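Engineer: I'd like to ask you about the structure that follows.
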Amino acid sequence: MMRKLGTIVLLVGALAFTLAGAAAAAGTIKIGFHAPQTGFAASDGKSATIGAELAVEQINAAGGINGKMLELVVYDDQAQPAQAIPIANKLIGQDKVPIAVSGSYSAPTRSAAGVFQESRVPYISAYAIHPDITRAGDYVFRTSFLGEIQGKAGAKLIGELLGKKMVVMITLQNDFGKALADGFKSMTRDFGIEIVNEYEYSIKDRQFGSLVAKVKADDPEAIYASGYYFTAGPLVSQLRAAGVAVPIIGQEGYDSQKFIEIAGKAAEGVIITTSLDRDSDVPETKNFIEAFEKKAGFKADMVAASAHTAVMVAADALKRAGSTDSEPLRKALAETHLKASTGTISFNALGEVVKAVQNQVVKDGNWHRHSVIDDPGLLAPPDK
Amino acid sequence: MLFFELFVQGLIHGSMYAMIAVGLTLVYGLLRILHVAHAGLFALGGYLGLLITNATGSLALAMITSALIVGLGGMLVYRLCYQPILDRPPYVPLIASIGVFIAMEEVFRLVFGPYGLTYNHPHLQSQVTLLGLNLRGAEIGMVITAMVLLGGLSYLAQNTRIGIAWRATVDDPEIAESFGIDAVKVRYLNFFIGSGLAAVGGIFISLLSNLVEPTMGGVPAYKALAIIVLGGLGNVKGTLVASLALGVVEAFGTIYIGSYLDRDAIAFAFLIAVLMIRPQGLFTGR
Amino acid sequence: MKPLLEVKNVTVRFGGVLALDDVSLEVRPGEFLSMIGPNGAGKTTLMRVVTGTVKPVSARIRLDGRDITMLPTHQRARLGLALTHQIVRPFRSMTLLDNVTLAAGHHRIGRVIRALTAVDRSAEREQARKYLELVGIAEAAEKSVLGRPLGVVKRLEVARALALEPKVLLLDEPLAGLNTAEAARLADTVAEINRGGLTVVMIEHNLGEVLRVSRRLAVLDNGRKIADGDPGAVMRDPAVRAAYLGKEYQDAAA
Amino acid sequence: MGIYEISLATLVGINIILALGLNMISGFCGQISLGHAAFYGIGAYTAAFMAKAGAPFPAAVLAGMVLAGLVGLAVGLTSLRVRHDFLAITTMGVGFLFLGVVRQQEILGGELGVSGIPSPGLEKTGYMVLVLILAAFFTAFSLWIKRSWMGFAFEAVADDEDTARVLTVDVAACKLTAFAMGTAMAGVAGGLYASFARFIMPDDFGFITSITVLSMVAVGGIGSVFGVIISTVILTLMPEFFRFISDYKLLLYGALLFGVMRFAPEGLAGFTRAVRKAGIRSAGKKEAAG
């Protein structure tokens with residue numbers, strides 16, 4: 001009994017401590033942030049969190065926002081909507097953040113977006129690709145590409161830049177993979193691509209034996225395979241091991257040094273559509289890549305850069321609005337024109353970003369620039 | 001040719017399932033426990049194998065050491081987790097086991113980081129051409145190892161004192177005990193062997209994908225349960241057949257009906273269909 | 001008089017083994033029939049065919065003129081068949097009283113809607129208590145089944161069967177495991193219930209009690225019925241004595 | 001009450017209905033199900049599409065309840081064929097099958113899920129009150145069932161099916177009734193969740209959710225209505241309690257599941273029973289001493 005009482009006292013104490021901490025930081029401006037730090041998506045959550053923290057450190061080092069320091073309020077959502085909803089409410093109701101950033105996946109982001117919209121708190125999705133996120137309303141923005149846009153860019157990359165026409169699609173069975181596939185297919189006719197076959201796999205798969213055998217029999221000119229580094233790494237190495245030598249085209253899900261580590265030699269020559277250009281001359285991007293590696297101890301990835309960008313965009317809006325009130329802040333956000341680590345960010349009427357797609361290729365064990373797709377017609381996101 | 005290749009790939013996948021599921025069915029046969037934490041031990045095997053290989057450069061050493069350590073780990077799980085609650089209804093050890101599994105996954109993440117680890121020896125990814133098929137060394141190694149280990153196990157079970165004691169205990173613990181067989185010792189042995197097998201399986205899987213992640217036990221955690229049910233709970237031979245059958249069904253299923261049902265759904269549709277026709281699984285008895 | 005329970009041509013096979021070979025049996029209202037035979041003779045199997053838990057190769061079973069061969073177990077029970085198990089099977093999570101109360105509420109659990117809407121158990125509890133008193137274990141009524149001695153649980157099974165208000169009471173070795181005094185008392189109770197008009201069919205090895213209380217005796221051996229009739233006459237039957245009883249009969253007579 | 005507390009209370013209410021539904025099947029009637037999330041999902045998807053098609057909120061939730069209950073009835077049929085651990089794995093399979101089907105049906109939103117689910121037409125506070133009233137109703141319903149003769153028969157089936165049959169219990173009817181009622185409750189919970197989150201995706205209703213619900217029931221004490229409610233409250237709020245040690249909270253969750261099953265296998269309900277008994281015993285001793 002005494003021991004139980006002790007635990008309760010400890011818990012209450014810890015709670016009081018947290019609350020006291022929150023009160024002490026009253027002279028700062030808070031930015032809400034949620035990402036999956038435990039559970040299956042913890043790796044992306046970690047990159048995103050470090051990226052966001054880096055942005056806050058950089059801004060504070062440069063004097064903060066109109067004299068006030070930024071504070072990142074970070075919560076773990078386990079990539080689950082049932083957790084993201086209370087978190088959104090907590091950020092709004094308890095932490096009273098004027099603006100928030102999602103460093104999480106589509107499902108939690110889409111669920112939280114509704115809550116932020118309802119409370120009129122501006123909300124920026126860093127890398128979730130679900131098309132309906134920004135449709136939650138005018139307070140929701142996205143600083144990354146829609147899955148569909150990236151799929152279209154992939155079609156252009158294969159059909160036009162590489163000139164390959166007979167394509168096998170290997171599609172990841174989730175919102176990311178499906179959105180990419182939809183975008184890719186919508187452009188096949190324009191670029192003269194014929195889809196030989198499409199296969200699907202689950203995010204849990206790491207062994208692709210039968211799929212590889214079938215793709216080999218299909219004998220395509222190129223492979224458009226969606227996935228994350230942890231599925232794409234094994235997939236690419238197994239395709240190459242089976243003797244499939246045609247170009248493999250991926251997307252931002254591959255965009256991590258870990259992909260190259262897993263696939264090893266097989267990664268060489270793989271091209272992806274993403275938003276982080278490793279060979280960029282833009283100071284914002286170069287600076288980010290260096291600073292991230294210094295802070296994290298490993299190389300930057302797309303997720304980290306996207307979270308970094310989103311927080312930078314939030315800070316920029318806070319600065320220009322000169323206020324933490326809801327309406328001026330939303331207006332400032334909508335008028336964003338900012339050079340950030342993942343490109344120049346500006347929003348359309350729906351809150352979707354308009355920027356160039358960076359194609360990166362694996363060369364000598366590192367990501368390097370392959371080409372850039374900057375075709376406003378192709379990359380135009382929906383505006384309603 | 002494609003048919004043959006898919007079939008071979010199915011068998012490769014199936015032998016991977018077998019190495020995980022046999023340990024699980026051994027535990028079920030003896031204790032009537034759905035041992036979900038087995039998948040955690042499988043992942044532990046993967047981690048140890050990778051760390052030892054990367055440190056020493058010897059895969060064989062890694063296999064043996066990690067099988068031994070994980071075998072001991074399995075005994076520990078039995079002692080701490082199951083032994084005190086054996087007389088409870090089956091859902092009690094099941095939930096306890098799930099708790100242990102979640103905790104293990106989290107410990108892996110906290111200790112080794114969320115990103116996963118990779119082998120630093122590229123030669124482990126060698127390739128072989130056999131019967132006109134391009135296969136990887138690790139695939140062939142896995143199938144051979146599975147055959148040797150599982151074959152050896154069944155030989156031991158048939159022909160050695162301890163093996164006979166084990167089978168007797170599975171058949172009827174009370175009678176076995178009356179013949180002077182130490183049931184507790186048999187249980188420990190059971191967990192040791194089953195967990196060791198899972199560890200070897202974990203190493204091969206991680207070689208095949210060149211990736212060890214905290215969540216690598218996630219799929220075996222439930223898929224292996226389906227397999228041992230399919231094989232007739234506690235039936236080792238049935239489990240082998242079910243593993244290979246499921247491997248083949250999935251190999252063809254993911255290619256030809258993958259756009260209607262995902263891999264898991266295919267596997268479980270197969271399972272439910274079999275169970276509705278044969279409620280005791282493919283093979284009855286123990 | 002028309003038979004109350006009519007069992008015709010029962011044949012049961014377990015795998016390749018012939019467990020029952022064309023056995024027929026008729027039980028008239030008010031009878032007290034005991035069934036004896038060596039272990040493995042098929043007595044329990046015959047009971048289970050009657051209650052519907054064992055599927056026969058062939059059989060025809062009538063209860064009170066109604067053919068129940070195709071009915072599931074619970075419906076046979078509702079029509080008036082009550083069985084006690086050779087190896088006791090009480091509900092271990094319940095008290096003694098609840099075990100019997102459930103049986104006493106057999107008319108309440110028949111229809112889903114009625115069972116969902118009725119909560120009052122007081123009348124059934126009263127009845128259950130009476131049955132517990134009848135078999136002499138009322139003082140333990142509120143206790144959990146766990147930890148009760150076998151003698152108590154055996155009698156609980158009888159009380160539970162009686163609470164079903166059956167037409168025929170089937171008892172599978174109710175006296176096994178009881179000491180002499182307990183066995184005699186339970187046998188007396190059953191005989192008394194039988195005198196009150198309830199038809200009883202009892203499998204029992206305790207020949208002394210069987211001969212003391214039953215009014216008719218059937219002998220099964222090797223899956224076949226080899227004798228059936230007045231206990232005295234059956235026991236004098238040379239076939240019975242030769243094939244099975246011999247020594248045991250003399251022991252009992254001594 | 002701030003919007004944070006309101007959202008938590010709403011979620012707790014939804015989870016209570018969900019867990020009490022499983023308690024009906026696994027607790028009262030003894031049929032372990034590892035696929036409860038599928039019925040939660042059926043309720044959510046049905047209600048979502050109904051609401052999007054313009055049906056009023058109560059009709060949408062009701063439709064979710066009915067459809068979940070009907071599918072539950074069908075799945076209950078499998079419980080007549082397979083028992084115990086086989087049933088647990090079969091229901092787990094049903095969960096994966098549900099997910100597999102929903103994932104691949106574009107008409108059901110596929111991988112992208114369903115968004116733009118209309119608001120139930122209530123303020124956040126009003127919705128919370130509605131959810132809590134429904135949770136209270138299903139609590140009362142559970143208590144009623146437990147006391148009813150049907151609940152009594154459930155208890156017998158959970159204890160020993162074969163004996164229950166001999167005592168006139170229609171085991172098949174009991175199991176089907178339990179499945180239908182329990183899954184219908186999951187359907188209600190799903191409908192309420194759909195209108196709460198206003199966005200649903202297949203993964204919301206996966207294996208992990210099924211395990212979470214079963215944990216709520218087992219930790220509370222299988223079959224105990226109040227035990228299940230208390231553990232549902234604790235397990236739902238646990239991530240919130242432990243926000244300050246975010247990195248370890250899932251580890252703690254696993255340890256808690258293990259710890260409760262290992263040291264209090266009858267769950268919180270069994271634990272409090274034991275404490276009360278110990279209390280009575282020590283009180284008795286004092287009396288005897290005095």
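Ordered as shown in the structure tokens, chains take letters A, B, and onward, while each chain numbers its residues from 1 and ligands are numbered from 1 in the order shown.
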Show which residues sit within 8 Å of range 95-107 of chain D, as number ranges by chain. Count only C-alpha atoms, and ignore same-chain residues fewer than 5 positions away.
Structural biologist: A: 173-174; B: 259-262, 264-266, 268-269; D: 34-38, 202-203, 205-207
Engineer: What residues in chain C lie within 6 Å of chain D, counting only C-alpha atoms, written as JSON, numbers by chain?
Structural biologist: {"C": [73, 74, 77, 78, 91, 103, 115, 116, 118, 119]}
Engineer: For chain A, report every residue with an atom at most 6 Å from chain D (counting only C-alpha atoms), formatted as a list in words.
Structural biologist: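 Residues passing the distance filter: Pro86, Asn89, Lys90, Gly93, Ser111, Asn174 and Asp175 of chain A.
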Engineer: At a cut-off of 10 Å, can you tabulate as JSON lines every residue of chain A near chain B together with its closest atom pair and the distance in Å to one decimal, using only C-alpha atoms and ordering rows by chain then number?
Structural biologist:
```
{"residue": "A:Gln37", "atom": "CA", "partner": "B:Pro114", "partner_atom": "CA", "distance": 8.8}
{"residue": "A:Thr38", "atom": "CA", "partner": "B:Glu106", "partner_atom": "CA", "distance": 7.7}
{"residue": "A:Gly39", "atom": "CA", "partner": "B:Glu106", "partner_atom": "CA", "distance": 7.7}
{"residue": "A:Phe40", "atom": "CA", "partner": "B:Thr215", "partner_atom": "CA", "distance": 6.4}
{"residue": "A:Ala41", "atom": "CA", "partner": "B:Pro114", "partner_atom": "CA", "distance": 8.2}
{"residue": "A:Ala42", "atom": "CA", "partner": "B:Pro114", "partner_atom": "CA", "distance": 5.7}
{"residue": "A:Ser43", "atom": "CA", "partner": "B:Pro114", "partner_atom": "CA", "distance": 4.6}
{"residue": "A:Asp44", "atom": "CA", "partner": "B:Tyr115", "partner_atom": "CA", "distance": 8.2}
{"residue": "A:Gly45", "atom": "CA", "partner": "B:Pro114", "partner_atom": "CA", "distance": 9.1}
{"residue": "A:Lys46", "atom": "CA", "partner": "B:Pro114", "partner_atom": "CA", "distance": 7.8}
{"residue": "A:Ser47", "atom": "CA", "partner": "B:Tyr115", "partner_atom": "CA", "distance": 9.5}
{"residue": "A:Thr171", "atom": "CA", "partner": "B:Ser259", "partner_atom": "CA", "distance": 10.0}
{"residue": "A:Gln173", "atom": "CA", "partner": "B:Asp262", "partner_atom": "CA", "distance": 8.0}
{"residue": "A:Glu198", "atom": "CA", "partner": "B:Ser259", "partner_atom": "CA", "distance": 8.6}
{"residue": "A:Tyr199", "atom": "CA", "partner": "B:Ile255", "partner_atom": "CA", "distance": 6.7}
{"residue": "A:Glu200", "atom": "CA", "partner": "B:Gly258", "partner_atom": "CA", "distance": 6.1}
{"residue": "A:Tyr201", "atom": "CA", "partner": "B:Asp262", "partner_atom": "CA", "distance": 7.1}
{"residue": "A:Ser202", "atom": "CA", "partner": "B:Asp262", "partner_atom": "CA", "distance": 6.8}
{"residue": "A:Lys204", "atom": "CA", "partner": "B:Val219", "partner_atom": "CA", "distance": 6.9}
{"residue": "A:Asp205", "atom": "CA", "partner": "B:Val219", "partner_atom": "CA", "distance": 8.5}
{"residue": "A:Arg206", "atom": "CA", "partner": "B:Ser209", "partner_atom": "CA", "distance": 6.0}
{"residue": "A:Gln207", "atom": "CA", "partner": "B:Ser209", "partner_atom": "CA", "distance": 6.7}
{"residue": "A:Phe208", "atom": "CA", "partner": "B:Gln9", "partner_atom": "CA", "distance": 8.9}
{"residue": "A:Gly209", "atom": "CA", "partner": "B:Gln9", "partner_atom": "CA", "distance": 5.4}
{"residue": "A:Ser210", "atom": "CA", "partner": "B:Leu6", "partner_atom": "CA", "distance": 5.2}
{"residue": "A:Leu211", "atom": "CA", "partner": "B:Ile255", "partner_atom": "CA", "distance": 6.4}
{"residue": "A:Val212", "atom": "CA", "partner": "B:Leu6", "partner_atom": "CA", "distance": 9.3}
{"residue": "A:Ala213", "atom": "CA", "partner": "B:Glu5", "partner_atom": "CA", "distance": 6.6}
{"residue": "A:Lys214", "atom": "CA", "partner": "B:Leu2", "partner_atom": "CA", "distance": 6.9}
{"residue": "A:Val215", "atom": "CA", "partner": "B:Ile255", "partner_atom": "CA", "distance": 9.8}
{"residue": "A:Lys216", "atom": "CA", "partner": "B:Leu2", "partner_atom": "CA", "distance": 9.2}
{"residue": "A:Ala217", "atom": "CA", "partner": "B:Leu2", "partner_atom": "CA", "distance": 6.9}
{"residue": "A:Tyr229", "atom": "CA", "partner": "B:Tyr115", "partner_atom": "CA", "distance": 9.7}
{"residue": "A:Phe230", "atom": "CA", "partner": "B:Leu211", "partner_atom": "CA", "distance": 7.7}
{"residue": "A:Thr231", "atom": "CA", "partner": "B:Ser209", "partner_atom": "CA", "distance": 8.8}
{"residue": "A:Ala232", "atom": "CA", "partner": "B:Ser209", "partner_atom": "CA", "distance": 10.0}
{"residue": "A:Gly233", "atom": "CA", "partner": "B:Ser209", "partner_atom": "CA", "distance": 7.7}
{"residue": "A:Pro234", "atom": "CA", "partner": "B:Ser209", "partner_atom": "CA", "distance": 4.7}
{"residue": "A:Leu235", "atom": "CA", "partner": "B:Ser209", "partner_atom": "CA", "distance": 8.1}
{"residue": "A:Val236", "atom": "CA", "partner": "B:Ser209", "partner_atom": "CA", "distance": 10.0}
{"residue": "A:Ser237", "atom": "CA", "partner": "B:Ser209", "partner_atom": "CA", "distance": 8.1}
{"residue": "A:Gln238", "atom": "CA", "partner": "B:Ser209", "partner_atom": "CA", "distance": 8.0}
{"residue": "A:Ala241", "atom": "CA", "partner": "B:Gln127", "partner_atom": "CA", "distance": 6.7}
{"residue": "A:Ala242", "atom": "CA", "partner": "B:Asn134", "partner_atom": "CA", "distance": 5.3}
{"residue": "A:Gly243", "atom": "CA", "partner": "B:Asn134", "partner_atom": "CA", "distance": 7.4}
{"residue": "A:Lys258", "atom": "CA", "partner": "B:Tyr115", "partner_atom": "CA", "distance": 7.6}
{"residue": "A:Glu261", "atom": "CA", "partner": "B:Thr118", "partner_atom": "CA", "distance": 6.8}
{"residue": "A:Ile262", "atom": "CA", "partner": "B:Asn210", "partner_atom": "CA", "distance": 5.6}
{"residue": "A:Ala263", "atom": "CA", "partner": "B:Asn210", "partner_atom": "CA", "distance": 7.5}
{"residue": "A:Gly264", "atom": "CA", "partner": "B:Pro122", "partner_atom": "CA", "distance": 7.4}
{"residue": "A:Lys265", "atom": "CA", "partner": "B:Pro122", "partner_atom": "CA", "distance": 8.3}
```
Engineer: Extract the full set of helix (DSSP H, G or I) residues from range 25-117 of chain C according to DSSP on the backbone, and format it as a ChimeraX atom specification.
Structural biologist: /C:43-51,73-79,96-104,112-117
Engineer: From the DSSP assignment of the backbone, select every residue of range 121-232 of chain A that is strand (DSSP E), and format the answer as a VMD selection string.
Structural biologist: chain A and resid 123 to 125 140 to 142 166 to 172 194 to 201 222 to 225
Engineer: Got time to write the residues from that selection, N, CA and C atoms, as a short mmCIF file (atom, residue, chain, number, x, y, z; two decimals), in the first residue's frame?
Structural biologist:
```
data_model
loop_
_atom_site.label_atom_id
_atom_site.label_comp_id
_atom_site.auth_asym_id
_atom_site.auth_seq_id
_atom_site.Cartn_x
_atom_site.Cartn_y
_atom_site.Cartn_z
N TYR A 123 -1.77 25.20 -39.01
CA TYR A 123 -1.17 23.86 -38.87
C TYR A 123 -0.45 23.54 -40.17
N ILE A 124 0.81 23.09 -40.04
CA ILE A 124 1.60 22.80 -41.23
C ILE A 124 1.99 21.33 -41.23
N SER A 125 1.68 20.63 -42.31
CA SER A 125 2.10 19.24 -42.45
C SER A 125 3.46 19.21 -43.13
N VAL A 140 -4.91 24.99 -42.70
CA VAL A 140 -3.99 23.86 -42.84
C VAL A 140 -3.14 24.02 -44.09
N PHE A 141 -1.83 23.87 -43.92
CA PHE A 141 -0.89 24.04 -45.02
C PHE A 141 0.02 22.81 -45.11
N ARG A 142 0.66 22.70 -46.25
CA ARG A 142 1.60 21.59 -46.41
C ARG A 142 2.84 22.08 -47.14
N MET A 166 8.52 0.82 -71.27
CA MET A 166 7.87 -0.38 -70.71
C MET A 166 8.19 -0.45 -69.22
N VAL A 167 7.17 -0.17 -68.39
CA VAL A 167 7.44 -0.01 -66.96
C VAL A 167 6.64 -1.01 -66.13
N VAL A 168 7.33 -1.60 -65.15
CA VAL A 168 6.61 -2.38 -64.14
C VAL A 168 6.49 -1.50 -62.90
N MET A 169 5.28 -1.49 -62.31
CA MET A 169 5.08 -0.73 -61.07
C MET A 169 5.07 -1.70 -59.89
N ILE A 170 5.81 -1.34 -58.86
CA ILE A 170 5.74 -2.09 -57.61
C ILE A 170 5.24 -1.11 -56.56
N THR A 171 4.01 -1.32 -56.11
CA THR A 171 3.35 -0.31 -55.31
C THR A 171 3.22 -0.74 -53.85
N LEU A 172 3.60 0.16 -52.98
CA LEU A 172 3.45 -0.06 -51.55
C LEU A 172 1.98 0.09 -51.18
N GLU A 194 4.04 2.55 -71.07
CA GLU A 194 3.10 1.43 -70.99
C GLU A 194 3.39 0.64 -69.71
N ILE A 195 2.35 0.44 -68.92
CA ILE A 195 2.55 -0.30 -67.67
C ILE A 195 2.40 -1.79 -67.96
N VAL A 196 3.52 -2.50 -67.87
CA VAL A 196 3.51 -3.93 -68.18
C VAL A 196 2.70 -4.68 -67.12
N ASN A 197 2.95 -4.35 -65.88
CA ASN A 197 2.26 -5.00 -64.77
C ASN A 197 2.38 -4.13 -63.54
N GLU A 198 1.43 -4.31 -62.61
CA GLU A 198 1.57 -3.61 -61.34
C GLU A 198 1.43 -4.63 -60.22
N TYR A 199 2.36 -4.61 -59.29
CA TYR A 199 2.28 -5.49 -58.12
C TYR A 199 2.20 -4.65 -56.87
N GLU A 200 1.61 -5.26 -55.83
CA GLU A 200 1.52 -4.52 -54.58
C GLU A 200 2.19 -5.31 -53.47
N TYR A 201 2.71 -4.60 -52.52
CA TYR A 201 3.30 -5.30 -51.37
C TYR A 201 2.96 -4.54 -50.10
N ALA A 222 12.06 -0.34 -67.21
CA ALA A 222 12.31 0.39 -65.97
C ALA A 222 11.31 -0.06 -64.93
N ILE A 223 11.65 0.19 -63.67
CA ILE A 223 10.76 -0.20 -62.57
C ILE A 223 10.43 1.03 -61.76
N TYR A 224 9.14 1.27 -61.55
CA TYR A 224 8.74 2.37 -60.67
C TYR A 224 8.25 1.75 -59.37
N ALA A 225 9.05 1.85 -58.34
CA ALA A 225 8.74 1.16 -57.09
C ALA A 225 8.60 2.15 -55.95
#
```
Engineer: Enumerate as number ranges by chain the residues belonging to chain B that approach chain D to within 9 Å, with only C-alpha atoms taken into account.
Structural biologist: B: 32-34, 80-82, 84-85, 88, 90-93, 95-107, 110, 222, 225-226, 229, 233, 259-269, 271-272, 275-276, 279-281
Engineer: Grab the CA of Glu26 in chain C to CA of Pro3 in chain C distance for me, in Å with one decimal place.
Structural biologist: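 These two atoms are separated by 6.0 Å.
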Engineer: Which distance in Å separates CA of Ile193 in chain B and CA of Gly23 in chain B, to one decimal?
Structural biologist: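 Answer for the CA of Ile193 in chain B to CA of Gly23 in chain B separation: 7.1 Å.
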Engineer: One decimal, in Å: what's the spacing between CA of Thr199 in chain C and CA of Glu31 in chain C?
Structural biologist: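 Computing the Euclidean distance for CA of Thr199 in chain C and CA of Glu31 in chain C yields 5.1 Å.
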Engineer: Please provide the set of residues having any atom within 8 Å of range 177-194 of chain C, restricted to only C-alpha atoms, with same-chain residues fewer than 3 positions apart removed, written as a PyMOL selection string.
Structural biologist: chain C and resi 30-32+134-135+150-151+155+197-200+209+213-214
Engineer: Take the selection from the previous step and output its residues with C-alpha atoms, as a PDB file, in the first residue's frame.
Structural biologist:
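Result file result07.pdb:
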```pdb
ATOM      1  CA  GLY C  30     -41.244 -45.267 -12.825  1.00  0.00           C
ATOM      2  CA  GLU C  31     -38.625 -47.921 -13.340  1.00  0.00           C
ATOM      3  CA  PHE C  32     -35.269 -48.051 -11.583  1.00  0.00           C
ATOM      4  CA  LEU C 134     -32.474 -33.392  -0.583  1.00  0.00           C
ATOM      5  CA  VAL C 135     -28.983 -34.717  -1.349  1.00  0.00           C
ATOM      6  CA  LEU C 150     -15.561 -35.433  -4.171  1.00  0.00           C
ATOM      7  CA  GLY C 151     -18.472 -36.739  -2.080  1.00  0.00           C
ATOM      8  CA  ARG C 155     -24.105 -35.208  -4.817  1.00  0.00           C
ATOM      9  CA  GLY C 197     -42.259 -41.460  -9.471  1.00  0.00           C
ATOM     10  CA  LEU C 198     -39.096 -40.438 -11.313  1.00  0.00           C
ATOM     11  CA  THR C 199     -37.658 -42.941 -13.778  1.00  0.00           C
ATOM     12  CA  VAL C 200     -33.992 -43.716 -13.080  1.00  0.00           C
ATOM     13  CA  GLU C 209     -25.926 -50.968  -3.681  1.00  0.00           C
ATOM     14  CA  VAL C 213     -31.934 -50.357  -4.666  1.00  0.00           C
ATOM     15  CA  SER C 214     -32.646 -51.186  -8.278  1.00  0.00           C
TER      16      SER C 214
END
```
Engineer: Excluding Val97 in chain A and residues on its chain fewer than 5 positions from it, collect all residues at most 8 Å away from it, counting only C-alpha atoms, and give them as a PDB file with C-alpha atoms, in the first residue's frame.
Structural biologist:
```pdb
ATOM      1  CA  ILE A  29       6.484  31.656 -28.373  1.00  0.00           C
ATOM      2  CA  LYS A  30       5.494  28.015 -28.615  1.00  0.00           C
ATOM      3  CA  ILE A  31       5.314  25.920 -31.726  1.00  0.00           C
ATOM      4  CA  GLY A  32       3.384  22.690 -31.321  1.00  0.00           C
ATOM      5  CA  LEU A  91      -1.569  21.731 -27.935  1.00  0.00           C
ATOM      6  CA  ILE A  92      -4.504  24.059 -28.504  1.00  0.00           C
TER       7      ILE A  92
END
```
Engineer: Quick one: residues within 8 Å of Thr46 in chain D, only C-alpha atoms, excluding same-chain residues fewer than 4 positions away - as a short mmCIF file (atom, residue, chain, number, x, y, z; two decimals) with all heavy atoms, in the first residue's frame?
Structural biologist:
```cif
data_model
loop_
_atom_site.label_atom_id
_atom_site.label_comp_id
_atom_site.auth_asym_id
_atom_site.auth_seq_id
_atom_site.Cartn_x
_atom_site.Cartn_y
_atom_site.Cartn_z
N ILE D 42 -16.07 -1.85 -38.96
CA ILE D 42 -17.31 -1.96 -39.74
C ILE D 42 -18.28 -0.87 -39.31
O ILE D 42 -18.89 -0.19 -40.14
CB ILE D 42 -17.94 -3.35 -39.57
CG1 ILE D 42 -17.06 -4.40 -40.28
CG2 ILE D 42 -19.36 -3.39 -40.14
CD1 ILE D 42 -17.45 -5.82 -40.00
N MET D 50 -22.67 6.41 -44.37
CA MET D 50 -24.06 6.84 -44.19
C MET D 50 -24.11 8.35 -43.98
O MET D 50 -24.91 9.06 -44.60
CB MET D 50 -24.68 6.14 -42.96
CG MET D 50 -24.94 4.67 -43.15
SD MET D 50 -26.32 4.33 -44.25
CE MET D 50 -27.69 4.83 -43.21
N ALA D 60 -26.91 7.00 -38.82
CA ALA D 60 -25.61 6.49 -39.27
C ALA D 60 -25.01 5.55 -38.23
O ALA D 60 -24.54 4.46 -38.55
CB ALA D 60 -24.66 7.67 -39.53
N VAL D 61 -25.05 5.98 -36.97
CA VAL D 61 -24.49 5.14 -35.90
C VAL D 61 -25.29 3.84 -35.79
O VAL D 61 -24.72 2.75 -35.62
CB VAL D 61 -24.46 5.89 -34.56
CG1 VAL D 61 -24.02 4.97 -33.44
CG2 VAL D 61 -23.52 7.08 -34.66
N ALA D 63 -26.93 2.34 -38.11
CA ALA D 63 -26.61 1.46 -39.24
C ALA D 63 -25.29 0.75 -38.97
O ALA D 63 -25.15 -0.45 -39.24
CB ALA D 63 -26.53 2.27 -40.52
N GLY D 64 -24.33 1.47 -38.42
CA GLY D 64 -23.04 0.86 -38.08
C GLY D 64 -23.22 -0.25 -37.07
O GLY D 64 -22.61 -1.32 -37.19
N LEU D 67 -24.97 -3.34 -38.84
CA LEU D 67 -24.11 -4.09 -39.76
C LEU D 67 -23.01 -4.82 -39.00
O LEU D 67 -22.73 -6.00 -39.26
CB LEU D 67 -23.51 -3.13 -40.81
CG LEU D 67 -22.90 -3.87 -42.00
CD1 LEU D 67 -23.96 -4.66 -42.73
CD2 LEU D 67 -22.20 -2.90 -42.94
N GLY D 191 -19.01 3.89 -34.92
CA GLY D 191 -19.78 5.01 -35.44
C GLY D 191 -19.46 6.30 -34.70
O GLY D 191 -19.30 7.37 -35.30
#
```
